[in-house]
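Student: Sharing start-v3.cif, mmCIF, C-alpha atoms:
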data_upload
#
loop_
_atom_site.label_atom_id
_atom_site.label_comp_id
_atom_site.auth_asym_id
_atom_site.auth_seq_id
_atom_site.Cartn_x
_atom_site.Cartn_y
_atom_site.Cartn_z
CA MET E 53 0.00 0.00 0.00
CA ALA E 54 1.28 3.45 -0.89
CA LYS E 55 2.25 5.62 2.06
CA LYS E 56 -0.08 8.59 2.63
CA TYR E 57 1.24 12.07 3.37
CA SER E 58 -0.62 14.99 4.84
CA PRO E 59 -0.69 18.42 3.13
CA LEU E 60 1.54 19.71 5.94
CA HIS E 61 4.15 17.12 5.03
CA PHE E 62 4.28 18.31 1.43
CA LYS E 63 4.43 21.94 2.56
CA ALA E 64 7.41 21.20 4.79
CA MET E 65 9.09 19.11 2.09
CA LYS E 66 8.63 21.87 -0.50
CA LYS E 67 10.20 24.42 1.83
CA THR E 68 13.17 22.15 2.47
CA ILE E 69 13.76 21.59 -1.25
CA ARG E 70 13.50 25.28 -2.08
CA LEU E 71 16.10 26.18 0.52
CA ARG E 72 18.64 23.70 -0.82
CA THR E 73 21.02 24.94 -3.52
CA PRO E 74 24.29 23.31 -4.61
CA PHE E 75 25.68 26.61 -5.90
CA GLU E 76 27.60 29.19 -3.89
CA VAL E 77 25.88 32.58 -3.96
CA GLY E 78 28.24 34.72 -1.89
CA ASP E 79 28.01 38.33 -0.69
CA ILE E 80 28.45 39.64 -4.25
CA PRO E 81 26.40 37.25 -6.41
CA LEU E 82 26.72 36.95 -10.19
CA SER E 83 29.86 39.08 -10.13
CA GLU E 84 31.13 37.96 -13.56
CA TYR E 85 30.98 40.52 -16.37
CA PRO E 86 27.33 40.24 -17.45
CA ARG E 87 27.75 40.83 -21.21
CA PRO E 88 30.19 38.28 -22.72
CA GLN E 89 29.69 39.36 -26.34
CA PHE E 90 30.53 43.00 -25.59
CA GLN E 91 33.05 42.94 -22.78
CA ARG E 92 35.37 45.62 -21.44
CA ASP E 93 38.00 45.60 -18.72
CA SER E 94 36.29 48.67 -17.22
CA TYR E 95 33.82 47.08 -14.82
CA LEU E 96 32.47 47.75 -11.35
CA THR E 97 29.65 45.53 -10.13
CA LEU E 98 26.94 46.96 -7.88
CA ASN E 99 25.51 43.54 -7.02
CA GLY E 100 25.42 42.80 -3.32
CA LYS E 101 23.63 44.11 -0.27
CA TRP E 102 21.37 47.15 -0.69
CA GLN E 103 18.88 48.71 1.69
CA TYR E 104 15.22 48.29 0.79
CA ALA E 105 11.69 49.23 1.83
CA ILE E 106 8.21 48.36 0.62
CA TYR E 107 5.36 50.83 1.22
CA ARG E 108 1.85 51.26 -0.12
CA ASN E 109 1.69 53.87 -2.85
CA SER E 110 -0.67 55.83 -0.59
CA GLU E 111 1.97 55.95 2.18
CA MET E 112 4.91 58.28 2.64
CA PHE E 113 8.40 56.81 2.61
CA ASP E 114 9.42 56.31 6.25
CA GLY E 115 12.90 54.82 6.19
CA TYR E 116 14.43 51.56 5.04
CA GLN E 117 13.30 48.26 6.49
CA GLY E 118 16.38 46.08 6.06
CA GLU E 119 18.84 44.66 3.55
CA ILE E 120 18.22 42.87 0.27
CA LEU E 121 20.72 40.91 -1.81
CA VAL E 122 20.72 42.37 -5.34
CA PRO E 123 19.99 41.12 -8.01
CA PHE E 124 17.46 38.81 -6.36
CA SER E 125 13.84 39.97 -6.27
CA PRO E 126 12.15 40.52 -2.87
CA GLU E 127 9.84 37.55 -3.54
CA SER E 128 12.77 35.11 -3.91
CA LEU E 129 14.46 33.24 -1.07
CA LEU E 130 17.93 34.34 -2.15
CA SER E 131 17.00 37.99 -1.62
CA GLY E 132 17.30 37.41 2.11
CA LEU E 133 13.78 38.66 2.79
CA LYS E 134 11.26 36.54 4.62
CA GLU E 135 9.36 33.97 2.61
CA GLY E 136 6.01 35.25 1.39
CA THR E 137 7.19 38.81 0.71
CA LEU E 138 5.23 40.22 -2.22
CA VAL E 139 5.34 43.58 -3.99
CA THR E 140 1.78 44.20 -5.20
CA PRO E 141 0.54 46.69 -7.83
CA ASN E 142 -0.40 48.95 -4.91
CA ASP E 143 3.14 49.01 -3.51
CA VAL E 144 6.32 50.99 -4.13
CA LEU E 145 9.68 49.24 -3.76
CA TYR E 146 12.63 51.41 -2.68
CA TYR E 147 16.32 50.53 -3.08
CA HIS E 148 19.35 52.41 -1.73
CA ARG E 149 23.07 51.80 -1.39
CA THR E 150 26.37 53.61 -1.02
CA PHE E 151 29.26 52.53 -3.24
CA THR E 152 32.85 53.60 -3.75
CA VAL E 153 34.37 54.47 -7.11
CA PRO E 154 38.13 53.87 -7.09
CA GLU E 155 40.65 56.38 -8.43
CA ASN E 156 41.45 56.12 -12.16
CA PHE E 157 38.12 54.38 -12.87
CA ILE E 158 36.33 57.42 -14.30
CA LYS E 159 37.18 58.29 -17.92
CA ALA E 160 35.35 60.61 -20.33
CA LYS E 161 31.98 58.88 -20.02
CA THR E 162 30.59 56.53 -17.39
CA PHE E 163 27.46 54.40 -17.71
CA ILE E 164 25.33 52.48 -15.26
CA ASN E 165 23.86 49.29 -16.72
CA PHE E 166 20.85 47.28 -15.55
CA GLY E 167 20.28 43.75 -16.86
CA ALA E 168 16.57 43.96 -16.03
CA VAL E 169 14.19 45.61 -13.54
CA ASP E 170 10.55 44.53 -13.25
CA TYR E 171 8.70 46.71 -14.15
CA ALA E 172 8.94 50.53 -14.02
CA CYS E 173 11.85 52.22 -12.29
CA LYS E 174 13.38 55.62 -11.60
CA VAL E 175 17.11 55.84 -10.91
CA THR E 176 18.78 58.56 -8.84
CA ILE E 177 22.52 58.96 -8.26
CA ASN E 178 23.94 61.38 -5.71
CA GLY E 179 20.53 63.03 -5.39
CA LYS E 180 19.97 63.63 -9.10
CA VAL E 181 17.43 61.69 -11.16
CA ILE E 182 19.30 60.24 -14.13
CA GLY E 183 16.49 58.39 -15.89
CA GLU E 184 13.45 56.13 -15.94
CA HIS E 185 12.77 52.81 -17.65
CA PHE E 186 9.69 50.73 -18.40
CA GLY E 187 9.84 47.02 -19.22
CA GLY E 188 10.59 44.08 -16.99
CA TYR E 189 12.83 42.01 -19.28
CA THR E 190 15.01 44.38 -21.30
CA PRO E 191 18.48 45.71 -20.37
CA PHE E 192 19.06 49.48 -20.22
CA SER E 193 21.73 52.00 -19.30
CA PHE E 194 22.14 55.66 -18.38
CA ASP E 195 25.01 58.08 -18.88
CA ILE E 196 26.00 59.19 -15.38
CA SER E 197 29.16 61.10 -16.29
CA GLU E 198 27.90 64.39 -14.84
CA VAL E 199 26.87 63.02 -11.45
CA LEU E 200 29.39 60.28 -10.62
CA MET E 201 32.55 61.11 -8.69
CA THR E 202 35.61 59.36 -7.36
CA GLY E 203 35.05 58.09 -3.83
CA GLU E 204 31.69 57.64 -2.14
CA ASN E 205 28.46 57.78 -4.15
CA THR E 206 24.82 56.90 -3.50
CA ILE E 207 22.23 55.26 -5.72
CA ASP E 208 18.46 55.07 -5.25
CA VAL E 209 16.06 53.02 -7.36
CA VAL E 210 12.27 53.29 -7.01
CA VAL E 211 10.21 50.50 -8.58
CA THR E 212 6.53 49.81 -9.23
CA ASP E 213 5.16 46.63 -10.80
CA PRO E 214 1.57 46.16 -12.03
CA SER E 215 2.20 42.40 -12.32
CA ASP E 216 -0.72 40.89 -14.27
CA THR E 217 -3.12 43.81 -13.74
CA SER E 218 -1.95 45.67 -16.85
CA TYR E 219 -1.26 44.92 -20.51
CA HIS E 220 2.50 44.53 -20.76
CA SER E 221 5.08 41.76 -21.09
CA ARG E 222 4.99 39.85 -17.80
CA GLY E 223 5.87 36.29 -18.78
CA LYS E 224 4.09 33.70 -16.67
CA GLN E 225 3.72 35.84 -13.56
CA ALA E 226 0.34 36.13 -11.87
CA LEU E 227 -0.84 37.41 -8.49
CA LYS E 228 -3.05 34.32 -8.22
CA ASN E 229 -0.41 31.78 -9.12
CA GLY E 230 -1.10 28.12 -9.74
CA GLN E 231 -1.39 25.67 -12.64
CA ILE E 232 0.68 27.27 -15.41
CA TRP E 233 1.04 30.62 -13.60
CA TYR E 234 4.01 31.41 -11.37
CA THR E 235 4.61 33.61 -8.34
CA PRO E 236 5.15 37.20 -9.54
CA GLN E 237 8.38 38.96 -8.75
CA SER E 238 9.45 42.57 -8.82
CA GLY E 239 12.38 44.94 -8.78
CA ILE E 240 16.00 44.36 -9.77
CA TRP E 241 16.45 40.79 -10.99
CA GLN E 242 19.55 41.01 -13.18
CA SER E 243 23.00 42.48 -12.58
CA VAL E 244 23.75 46.16 -12.02
CA TRP E 245 27.18 47.47 -13.00
CA LEU E 246 29.26 50.51 -14.01
CA GLU E 247 31.69 50.91 -16.88
CA SER E 248 33.67 53.93 -18.03
CA VAL E 249 34.92 54.70 -21.54
CA PRO E 250 37.12 57.32 -23.26
CA GLU E 251 35.66 60.10 -25.40
CA THR E 252 35.98 57.95 -28.53
CA TYR E 253 34.49 54.53 -27.96
CA LEU E 254 32.53 51.67 -29.52
CA LYS E 255 28.86 52.08 -28.66
CA ASP E 256 27.54 48.81 -30.09
CA LEU E 257 28.51 45.85 -32.23
CA THR E 258 26.57 43.52 -34.53
CA ILE E 259 28.29 40.38 -35.84
CA ILE E 260 26.87 38.63 -38.93
CA PRO E 261 28.68 35.49 -40.07
CA ASP E 262 28.32 34.61 -43.77
CA ILE E 263 29.37 31.05 -44.53
CA ASP E 264 28.20 31.32 -48.16
CA ASN E 265 30.87 33.95 -48.83
CA ASP E 266 33.43 32.79 -46.25
CA CYS E 267 33.44 36.02 -44.29
CA VAL E 268 32.01 37.79 -41.29
CA PHE E 269 30.34 41.23 -41.35
CA LEU E 270 30.71 43.68 -38.48
CA ARG E 271 28.40 46.64 -37.91
CA LEU E 272 30.27 49.15 -35.77
CA ASP E 273 28.37 51.86 -33.88
CA LYS E 274 31.18 54.37 -33.35
CA PRO E 275 31.95 58.04 -34.07
CA GLN E 276 31.99 58.77 -37.79
CA GLY E 277 35.49 58.41 -39.22
CA ALA E 278 36.96 56.85 -36.07
CA LEU E 279 39.41 54.08 -36.86
CA ALA E 280 38.55 50.59 -35.61
CA GLU E 281 41.35 48.03 -35.32
CA ILE E 282 39.91 44.50 -35.50
CA ILE E 283 41.63 41.23 -34.60
CA VAL E 284 40.08 37.79 -35.13
CA ALA E 285 41.82 35.04 -33.17
CA ASP E 286 41.56 31.34 -32.45
CA ASN E 287 42.82 30.28 -29.00
CA GLY E 288 45.20 33.23 -28.86
CA VAL E 289 46.49 32.81 -32.43
CA THR E 290 45.72 35.80 -34.68
CA LEU E 291 43.88 34.78 -37.85
CA SER E 292 43.33 38.23 -39.33
CA LYS E 293 43.90 41.87 -38.49
CA VAL E 294 42.18 44.73 -40.27
CA ALA E 295 41.57 48.45 -39.81
CA CYS E 296 38.30 50.15 -40.73
CA ASP E 297 37.18 53.79 -40.54
CA ARG E 298 33.61 53.08 -41.69
CA ASP E 299 30.63 51.61 -39.84
CA MET E 300 30.82 48.26 -41.66
CA ALA E 301 33.77 45.88 -41.85
CA VAL E 302 34.08 42.65 -43.84
CA ILE E 303 36.61 40.09 -42.62
CA SER E 304 37.57 37.14 -44.80
CA MET E 305 37.60 33.76 -43.07
CA LYS E 306 39.85 30.97 -44.40
CA ASP E 307 40.02 27.31 -43.36
CA TYR E 308 37.47 27.89 -40.63
CA GLU E 309 35.32 25.39 -38.74
CA LEU E 310 31.54 25.62 -38.89
CA TRP E 311 29.69 26.01 -35.59
CA CYS E 312 27.19 23.26 -34.83
CA PRO E 313 26.01 21.49 -31.65
CA GLU E 314 28.43 18.64 -32.38
CA ASN E 315 31.32 21.10 -32.83
CA PRO E 316 30.54 24.44 -31.13
CA LYS E 317 33.56 26.26 -32.50
CA LEU E 318 33.85 29.91 -31.47
CA TYR E 319 36.30 32.55 -32.63
CA ASP E 320 37.49 35.48 -30.52
CA ILE E 321 37.34 39.04 -31.75
CA ILE E 322 38.98 42.15 -30.27
CA ILE E 323 38.00 45.63 -31.45
CA LYS E 324 39.93 48.77 -30.53
CA VAL E 325 38.43 52.20 -31.18
CA GLY E 326 40.77 54.88 -29.87
CA ASP E 327 41.69 53.70 -26.37
CA ASP E 328 38.47 51.69 -26.00
CA ILE E 329 38.90 47.92 -26.26
CA VAL E 330 35.94 45.53 -26.60
CA LYS E 331 36.19 41.73 -26.59
CA SER E 332 33.63 39.50 -28.26
CA TYR E 333 33.20 36.17 -30.05
CA PHE E 334 31.28 34.55 -32.91
CA GLY E 335 30.58 31.23 -34.57
CA MET E 336 30.56 30.65 -38.32
CA ARG E 337 27.02 29.33 -38.84
CA LYS E 338 23.84 29.88 -40.81
CA PHE E 339 20.21 29.31 -39.89
CA SER E 340 17.72 28.98 -42.75
CA ILE E 341 14.84 27.01 -44.23
CA VAL E 342 16.04 24.32 -46.64
CA THR E 343 14.36 21.69 -48.83
CA ASP E 344 15.15 18.04 -48.12
CA SER E 345 15.49 15.20 -50.64
CA LEU E 346 11.73 14.57 -50.55
CA GLY E 347 10.84 18.20 -51.23
CA PHE E 348 9.81 19.09 -47.67
CA LYS E 349 10.80 22.35 -46.01
CA ARG E 350 13.06 21.79 -43.01
CA LEU E 351 14.93 23.83 -40.44
CA GLY E 352 18.44 24.18 -41.78
CA LEU E 353 21.79 24.61 -40.10
CA ASN E 354 24.74 25.50 -42.33
CA ASN E 355 22.62 24.86 -45.47
CA LYS E 356 21.63 21.32 -44.49
CA PRO E 357 18.48 19.93 -42.81
CA TYR E 358 19.07 19.69 -39.08
CA PHE E 359 16.78 17.94 -36.60
CA HIS E 360 16.18 19.95 -33.45
CA LYS E 361 15.62 17.91 -30.29
CA GLY E 362 15.29 19.80 -27.07
CA VAL E 363 13.49 20.82 -23.94
CA LEU E 364 11.07 23.56 -22.92
CA ASP E 365 12.89 25.67 -20.35
CA GLN E 366 10.83 27.93 -18.10
CA GLY E 367 13.94 29.60 -16.69
CA TYR E 368 12.71 29.53 -13.08
CA TRP E 369 14.94 28.63 -10.13
CA SER E 370 13.66 27.24 -6.85
CA ASP E 371 15.49 29.83 -4.75
CA GLY E 372 16.11 32.74 -7.14
CA MET E 373 12.95 32.51 -9.27
CA LEU E 374 13.78 34.34 -12.53
CA THR E 375 17.37 34.91 -11.33
CA PRO E 376 19.93 32.07 -11.29
CA PRO E 377 21.89 31.70 -8.04
CA SER E 378 25.22 31.94 -9.87
CA ASN E 379 26.96 31.82 -13.22
CA ALA E 380 28.01 28.26 -12.35
CA ALA E 381 24.32 27.35 -12.09
CA LEU E 382 23.63 28.74 -15.56
CA GLU E 383 26.54 26.77 -16.99
CA TYR E 384 25.51 23.58 -15.18
CA ASP E 385 21.95 23.85 -16.53
CA VAL E 386 23.11 24.14 -20.14
CA LYS E 387 25.69 21.35 -19.78
CA LEU E 388 23.07 19.09 -18.20
CA VAL E 389 20.73 19.51 -21.18
CA LYS E 390 23.61 18.75 -23.56
CA SER E 391 24.71 15.68 -21.57
CA MET E 392 21.18 14.25 -21.84
CA GLY E 393 21.49 14.18 -25.63
CA PHE E 394 19.59 17.34 -26.55
CA ASN E 395 20.79 20.02 -28.96
CA MET E 396 18.12 22.71 -28.43
CA ILE E 397 16.42 24.68 -25.67
CA ARG E 398 13.14 26.46 -26.20
CA LYS E 399 13.12 29.37 -23.75
CA HIS E 400 9.55 29.94 -22.60
CA ILE E 401 8.32 33.55 -22.31
CA LYS E 402 11.54 34.86 -20.79
CA ILE E 403 14.67 36.76 -21.77
CA GLU E 404 17.65 35.26 -19.95
CA PRO E 405 20.76 37.00 -18.60
CA LEU E 406 23.24 37.32 -21.47
CA ARG E 407 25.68 34.87 -19.91
CA TRP E 408 23.12 32.08 -20.46
CA TYR E 409 23.29 32.59 -24.23
CA TYR E 410 27.09 32.54 -24.00
CA HIS E 411 27.00 29.11 -22.36
CA CYS E 412 24.62 27.87 -25.08
CA ASN E 413 27.02 29.12 -27.76
CA LYS E 414 29.98 27.57 -25.99
CA GLU E 415 28.41 24.18 -25.24
CA GLY E 416 26.56 23.78 -28.54
CA ILE E 417 22.89 24.42 -27.83
CA LEU E 418 20.43 25.96 -30.30
CA VAL E 419 18.00 28.44 -28.77
CA TRP E 420 14.36 28.98 -29.75
#
What's the structure tokens form of this structure?
Tutor:
Amino acid sequence: MAKKYSPLHFKAMKKTIRLRTPFEVGDIPLSEYPRPQFQRDSYLTLNGKWQYAIYRNSEMFDGYQGEILVPFSPESLLSGLKEGTLVTPNDVLYYHRTFTVPENFIKAKTFINFGAVDYACKVTINGKVIGEHFGGYTPFSFDISEVLMTGENTIDVVVTDPSDTSYHSRGKQALKNGQIWYTPQSGIWQSVWLESVPETYLKDLTIIPDIDNDCVFLRLDKPQGALAEIIVADNGVTLSKVACDRDMAVISMKDYELWCPENPKLYDIIIKVGDDIVKSYFGMRKFSIVTDSLGFKRLGLNNKPYFHKGVLDQGYWSDGMLTPPSNAALEYDVKLVKSMGFNMIRKHIKIEPLRWYYHCNKEGILVW
């Protein structure tokens, strides 16, 4: 006869499982550079302990109520707040912290970057409002050159979240969770960091591999006429080196390996614009629709039919909810899928931290 368990038993068991994590979080979680395909040496993470408070929107702010571990949402266990904490559409979530900017960090321009904040936020640094953002899944940044200073600085972030009471992208969050709906979460849930650049710098980069013409295209968002020095390398060995003063560069690729799940070959790329240096990577690959030998349309990889076999990944963690406990956890998750024989992950109604896509590229996982 099967053993019977009471509802209280399952409640206790669930709590025990949720508290258990094999990954080290630390006082400064997710401290790796958050943007692997556009990486600079200039980097100062603001992840860690912040002060927080939650008040009704009809109430006046009356001081902070404790500490929260950023970038974990108040509703998650890893935030350090008590279980059951919930920021409702009628609440305002306040963040505050003091941070120190070391000497020689500040250059011509300094930016603060947010991986994601759910949903609407206003950011203030050293008492001056520097910007607002709406959208719970998209990264954003602000130029804080005029307000940041060497030494001690303060940052305040004020957040509101309508959850599922408004028409906006909210994923699978719902105030009345259950069945296919998950516990809603609010506030900062991806990394916060600073970077500083010289007057002439690379603003953005788009990499477009072209295996049909054995080359890779680069779109360079930089000052008009500024010279970009580009190096493509393979495990530290330089394959090509070009200079370009326009916003588009074409680099010839010879004797290269195609990227595929069975051989996830990546090439390194270093771009220097003035004194600004950006590191990135790419794989030589092509996604398309192809016709098989029977005349059927198929998903194609590198101009050949390729069968996708994968999993549906909700992207939720037992202790961090939308936020992974660590970069090691992200890497483990991707490697686990690959070790089980899959070559694809369908990400379900969520935009992941950028390091997750890096691990997919590195391990050989297609992403839907």
Student: Using CA of Phe163 in chain E and CA of Leu200 in chain E as the two end points, give the distance in Å to one decimal.
Tutor: 9.4 Å
Student: Which residue out of E:Val330, E:Leu346, E:Cys412, E:Met373 has the minimum interatomic distance to Arg87 in chain E when only C-alpha atoms are used?
Tutor: E:Val330
Student: Mind giving me the straight-line distance from CA of Val419 in chain E to CA of Lys306 in chain E in Å, one decimal?
Tutor: 27.0 Å
Student: To one decimal place, how far is CA of His220 in chain E from CA of Leu374 in chain E in Å?
Tutor: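 Going from CA of His220 in chain E over to CA of Leu374 in chain E, I get 17.3 Å.
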Student: From the set E:Gln276, E:Ser332, E:Ser340, E:Asn315, which residue has the shortest atom-to-atom contact distance to Met300 in chain E, counting all atoms listed in the file?
Tutor: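 Result for the nearest residue to Met300 in chain E: E:Gln276.
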Student: Rank E:Gly393, E:Gly416, E:Gly230, E:Pro86 by their smallest atom-to-atom distance to Leu318 in chain E, using all atoms listed in the file, and report the top residue only.
Tutor: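 Going through E:Gly393, E:Gly416, E:Gly230, E:Pro86 one by one, the smallest distance to Leu318 in chain E is for E:Gly416.
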Student: Using all atoms listed in the file, give me every residue within 9 Å of (15.9, 23.1, -47.3) in file coordinates, as a VMD selection string.
Tutor: chain E and resid 340 to 345 347 to 352 355 to 357
Student: Just the residues within 9 Å of Tyr107 in chain E, please, counting all atoms listed in the file, with nothing from its chain fewer than 4 positions along; format it as a list in words.
Tutor: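 Result of the neighbour search: Glu111, Met112, Phe113, Asp114, Val139, Asn142, Asp143, Val144, Leu145 and Tyr146 of chain E.
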Student: Neighbouring residues of Tyr368 in chain E were defined as those with any atom within 12 Å, considering only C-alpha atoms; residues of the same chain fewer than 2 positions away were excluded. Please report them as a CSV table (one decimal) with C-alpha atoms, keeping the file's coordinate frame.
Tutor:
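Contents of the output file selection-v2.csv:
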chain,number,residue,atom,x,y,z
E,70,ARG,CA,13.5,25.3,-2.1
E,128,SER,CA,12.8,35.1,-3.9
E,223,GLY,CA,5.9,36.3,-18.8
E,224,LYS,CA,4.1,33.7,-16.7
E,225,GLN,CA,3.7,35.8,-13.6
E,233,TRP,CA,1.0,30.6,-13.6
E,234,TYR,CA,4.0,31.4,-11.4
E,235,THR,CA,4.6,33.6,-8.3
E,236,PRO,CA,5.2,37.2,-9.5
E,237,GLN,CA,8.4,39.0,-8.8
E,364,LEU,CA,11.1,23.6,-22.9
E,365,ASP,CA,12.9,25.7,-20.4
E,366,GLN,CA,10.8,27.9,-18.1
E,370,SER,CA,13.7,27.2,-6.8
E,371,ASP,CA,15.5,29.8,-4.8
E,372,GLY,CA,16.1,32.7,-7.1
E,373,MET,CA,13.0,32.5,-9.3
E,374,LEU,CA,13.8,34.3,-12.5
E,375,THR,CA,17.4,34.9,-11.3
E,376,PRO,CA,19.9,32.1,-11.3
E,377,PRO,CA,21.9,31.7,-8.0
E,381,ALA,CA,24.3,27.4,-12.1
E,382,LEU,CA,23.6,28.7,-15.6
E,385,ASP,CA,22.0,23.8,-16.5
E,399,LYS,CA,13.1,29.4,-23.8
E,400,HIS,CA,9.6,29.9,-22.6
E,401,ILE,CA,8.3,33.6,-22.3
E,402,LYS,CA,11.5,34.9,-20.8
E,403,ILE,CA,14.7,36.8,-21.8
E,404,GLU,CA,17.6,35.3,-20.0
Student: For this structure, which residues satisfy the selection - the PyMOL selection byres ((chain E and resi 188) around 6) - when it is evaluated on the file as given? I want them as a ChimeraX atom specification.
Tutor: /E:169-171,187,189
